[in-house]
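Peer 1: For reference, the structure I am asking about is given below.
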Amino acid sequence: MDGTKTEQMNRWAEVFLEYREQLLSLARRNLNPVLARRVTPEDVVQDTLSSACSKIDFFEKCPDIPVYFKLRTILFQTITSLERKHLQAEKRDAYKDLEVTENEDATQAQLNWNQFADTMTGPMTRVARMDRYALLKKAVEELPETDRQILEMRHFDGLGNLECARLLKIEPRAASIRYVRALQRLREKLTQFTEFRP
């Protein structure tokens with residue numbers, strides 16, 4: 001590896017480390033409780049940062065996408081890869097000692113989205129909740145990128161307004177305005193579905 005490439009990697013490695021705490025929090029919230037018996041959130045973050053260092057081109061392309069969201073993508077890919085390795089290949093061994101309850105079966109992130117859906121319409125039955133969850137995800141995916149980012153950070157990643165502003169490199173007031181506008185757009189989309197009508 002030449003000196004320029006090494007310097008480039010070292011520079012990015014320092015940037016990645018700035019996001020370590022947010023990635024740790026994200027890993028803790030999304031790690032399958034069964035997988036957590038074999039892998040720690042720290043392991044997930046270490047693998048994520050290692051993978052990020054091997055994908056420098058991914059970070060240098062599309063500079064308008066915040067680094068946090070690119071790291072977040074790699075973290076979810078890492079969790080998926082670890083689940084395949086530990087839970088699918090040896091499913092019986094991984095699951096045999098732990099009884100998974102209904103609450104443990106869903107990730108904390110999914111529970112957060114369900115609670116978010118509740119704020120739109122009020123609590124419903126489990127089946128209705130599952131339908132609503134799928135519709136909510138679909139509606140969010142159809143929003144502009146900036147709207148998706150702020151909603152995912154606030155409701156999926158559990159971040160506050162100040163932290164969102166810092167990660168997006170915008171002023172807290174701008175982050176707050178972006179969040180309110182994103183919510184308004186999402187509500188407008190959700191009224192297309194009877195499950196979200198008053």
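Residues are named by chain letter and number: chains run A, B, ... in the order of the structure tokens, numbers start at 1 in each chain, and ligands are numbered from 1 in the order shown.
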Considering only C-alpha atoms, return as a PyMOL selection string whatever protein or nucleic-acid residues lie within 6 Å of Ala175 of chain A, sequence-local ones (same chain, fewer than 3 positions apart) excluded.
Peer 2: chain A and resi 165+172+178
Peer 1: I'd like the contact shell of segment 16-30 of chain A - 9 Å cut-off, only C-alpha atoms, skipping same-chain residues fewer than 3 positions apart - returned as a PDB file with N, CA and C atoms, in the first residue's frame.
Peer 2:
ATOM      1  N   ARG A  11      -6.792   8.920   7.677  1.00  0.00           N
ATOM      2  CA  ARG A  11      -7.659  10.091   7.831  1.00  0.00           C
ATOM      3  C   ARG A  11      -9.116   9.656   8.010  1.00  0.00           C
ATOM      4  N   TRP A  12      -9.541   8.693   7.192  1.00  0.00           N
ATOM      5  CA  TRP A  12     -10.919   8.209   7.299  1.00  0.00           C
ATOM      6  C   TRP A  12     -11.138   7.437   8.604  1.00  0.00           C
ATOM      7  N   ALA A  13     -10.128   6.693   9.035  1.00  0.00           N
ATOM      8  CA  ALA A  13     -10.254   5.938  10.290  1.00  0.00           C
ATOM      9  C   ALA A  13     -10.525   6.890  11.451  1.00  0.00           C
ATOM     10  N   PRO A  33     -31.422 -10.580  20.500  1.00  0.00           N
ATOM     11  CA  PRO A  33     -31.058 -11.049  21.846  1.00  0.00           C
ATOM     12  C   PRO A  33     -30.389 -12.420  21.846  1.00  0.00           C
ATOM     13  N   ALA A  36     -26.878 -11.829  20.689  1.00  0.00           N
ATOM     14  CA  ALA A  36     -26.130 -11.110  21.727  1.00  0.00           C
ATOM     15  C   ALA A  36     -25.459 -12.048  22.732  1.00  0.00           C
ATOM     16  N   THR A  40     -20.985  -9.213  21.016  1.00  0.00           N
ATOM     17  CA  THR A  40     -21.288  -7.993  21.767  1.00  0.00           C
ATOM     18  C   THR A  40     -21.477  -6.817  20.809  1.00  0.00           C
ATOM     19  N   PRO A  41     -22.130  -5.751  21.269  1.00  0.00           N
ATOM     20  CA  PRO A  41     -22.233  -4.547  20.434  1.00  0.00           C
ATOM     21  C   PRO A  41     -20.853  -4.025  20.022  1.00  0.00           C
ATOM     22  N   GLU A  42     -19.883  -4.156  20.924  1.00  0.00           N
ATOM     23  CA  GLU A  42     -18.517  -3.724  20.604  1.00  0.00           C
ATOM     24  C   GLU A  42     -17.947  -4.520  19.434  1.00  0.00           C
ATOM     25  N   VAL A  44     -19.712  -5.821  17.010  1.00  0.00           N
ATOM     26  CA  VAL A  44     -20.419  -5.343  15.822  1.00  0.00           C
ATOM     27  C   VAL A  44     -19.778  -4.050  15.316  1.00  0.00           C
ATOM     28  N   VAL A  45     -19.514  -3.135  16.239  1.00  0.00           N
ATOM     29  CA  VAL A  45     -18.918  -1.852  15.851  1.00  0.00           C
ATOM     30  C   VAL A  45     -17.513  -2.043  15.312  1.00  0.00           C
ATOM     31  N   THR A  48     -17.815  -3.310  11.919  1.00  0.00           N
ATOM     32  CA  THR A  48     -18.334  -2.234  11.067  1.00  0.00           C
ATOM     33  C   THR A  48     -17.225  -1.272  10.655  1.00  0.00           C
ATOM     34  N   LEU A  49     -16.422  -0.855  11.635  1.00  0.00           N
ATOM     35  CA  LEU A  49     -15.340   0.097  11.348  1.00  0.00           C
ATOM     36  C   LEU A  49     -14.264  -0.535  10.474  1.00  0.00           C
ATOM     37  N   ALA A  52     -15.674  -0.575   7.052  1.00  0.00           N
ATOM     38  CA  ALA A  52     -15.693   0.795   6.519  1.00  0.00           C
ATOM     39  C   ALA A  52     -14.313   1.187   5.982  1.00  0.00           C
ATOM     40  N   CYS A  53     -13.266   0.784   6.693  1.00  0.00           N
ATOM     41  CA  CYS A  53     -11.898   1.118   6.271  1.00  0.00           C
ATOM     42  C   CYS A  53     -11.531   0.458   4.948  1.00  0.00           C
ATOM     43  N   VAL A  67     -21.780  10.946   6.562  1.00  0.00           N
ATOM     44  CA  VAL A  67     -20.946   9.780   6.896  1.00  0.00           C
ATOM     45  C   VAL A  67     -21.695   8.840   7.835  1.00  0.00           C
ATOM     46  N   TYR A  68     -22.438   9.411   8.779  1.00  0.00           N
ATOM     47  CA  TYR A  68     -23.183   8.588   9.732  1.00  0.00           C
ATOM     48  C   TYR A  68     -24.095   7.597   9.024  1.00  0.00           C
ATOM     49  N   LEU A  71     -22.066   4.760   7.482  1.00  0.00           N
ATOM     50  CA  LEU A  71     -21.630   3.837   8.535  1.00  0.00           C
ATOM     51  C   LEU A  71     -22.807   3.014   9.051  1.00  0.00           C
ATOM     52  N   ARG A  72     -23.942   3.656   9.167  1.00  0.00           N
ATOM     53  CA  ARG A  72     -25.165   2.984   9.632  1.00  0.00           C
ATOM     54  C   ARG A  72     -25.534   1.842   8.689  1.00  0.00           C
ATOM     55  N   LEU A  75     -23.185  -0.974   9.298  1.00  0.00           N
ATOM     56  CA  LEU A  75     -23.487  -1.633  10.570  1.00  0.00           C
ATOM     57  C   LEU A  75     -24.632  -2.630  10.416  1.00  0.00           C
ATOM     58  N   PHE A  76     -25.697  -2.240   9.713  1.00  0.00           N
ATOM     59  CA  PHE A  76     -26.822  -3.160   9.511  1.00  0.00           C
ATOM     60  C   PHE A  76     -26.420  -4.341   8.640  1.00  0.00           C
ATOM     61  N   ILE A  79     -24.558  -6.676  10.992  1.00  0.00           N
ATOM     62  CA  ILE A  79     -25.472  -7.442  11.850  1.00  0.00           C
ATOM     63  C   ILE A  79     -26.120  -8.575  11.058  1.00  0.00           C
ATOM     64  N   THR A 107     -36.906  -6.486  17.273  1.00  0.00           N
ATOM     65  CA  THR A 107     -35.800  -5.620  17.658  1.00  0.00           C
ATOM     66  C   THR A 107     -36.353  -4.383  18.333  1.00  0.00           C
ATOM     67  N   GLN A 108     -35.509  -3.729  19.128  1.00  0.00           N
ATOM     68  CA  GLN A 108     -35.927  -2.489  19.776  1.00  0.00           C
ATOM     69  C   GLN A 108     -36.299  -1.453  18.729  1.00  0.00           C
ATOM     70  N   ALA A 109     -35.557  -1.468  17.611  1.00  0.00           N
ATOM     71  CA  ALA A 109     -35.843  -0.503  16.546  1.00  0.00           C
ATOM     72  C   ALA A 109     -37.248  -0.713  15.995  1.00  0.00           C
ATOM     73  N   GLN A 110     -37.644  -1.977  15.795  1.00  0.00           N
ATOM     74  CA  GLN A 110     -38.988  -2.240  15.277  1.00  0.00           C
ATOM     75  C   GLN A 110     -40.036  -1.811  16.291  1.00  0.00           C
ATOM     76  N   PHE A 156     -35.982   5.783  14.780  1.00  0.00           N
ATOM     77  CA  PHE A 156     -35.383   4.465  14.611  1.00  0.00           C
ATOM     78  C   PHE A 156     -34.106   4.351  15.437  1.00  0.00           C
ATOM     79  N   ASP A 157     -33.291   5.428  15.393  1.00  0.00           N
ATOM     80  CA  ASP A 157     -32.016   5.402  16.115  1.00  0.00           C
ATOM     81  C   ASP A 157     -32.120   5.985  17.515  1.00  0.00           C
ATOM     82  N   GLY A 158     -33.249   6.624  17.821  1.00  0.00           N
ATOM     83  CA  GLY A 158     -33.448   7.163  19.167  1.00  0.00           C
ATOM     84  C   GLY A 158     -32.598   8.375  19.491  1.00  0.00           C
ATOM     85  N   LEU A 159     -32.227   9.170  18.485  1.00  0.00           N
ATOM     86  CA  LEU A 159     -31.376  10.337  18.708  1.00  0.00           C
ATOM     87  C   LEU A 159     -32.223  11.582  18.950  1.00  0.00           C
ATOM     88  N   LEU A 167     -24.829  15.409  13.700  1.00  0.00           N
ATOM     89  CA  LEU A 167     -24.481  14.381  12.720  1.00  0.00           C
ATOM     90  C   LEU A 167     -24.777  14.824  11.292  1.00  0.00           C
TER      91      LEU A 167
END
Peer 1: Which of these residues is nearest to Pro66 of chain A, using only C-alpha atoms: A:Glu7, A:Glu145, A:Asp131, A:Glu83?
Peer 2: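 Closest to Pro66 of chain A, using only C-alpha atoms: A:Glu145.
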Peer 1: Name the closest residue to Ala139 of chain A among the candidates A:Leu35, A:Ile56, A:Ile177, A:Ala182; distances are taken between atoms, counting only C-alpha atoms.
Peer 2: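 Using only C-alpha atoms, the shortest distance to Ala139 of chain A belongs to A:Ala182.
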Peer 1: So what do you get for atom CA of Asn161 of chain A versus atom CA of Arg173 of chain A, distance-wise?
Peer 2: 8.7 Å
Peer 1: From the set A:Lys61, A:Leu136, A:Arg187, A:Leu87, which residue has the shortest atom-to-atom contact distance to Arg38 of chain A, counting only C-alpha atoms?
Peer 2: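 Result for the nearest residue to Arg38 of chain A: A:Leu87.
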Peer 1: Please compute the atom CA of Leu143 of chain A-atom CA of Thr78 of chain A distance, one decimal, in Å.
Peer 2: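 Taking atom CA of Leu143 of chain A and atom CA of Thr78 of chain A, their separation equals 25.5 Å.
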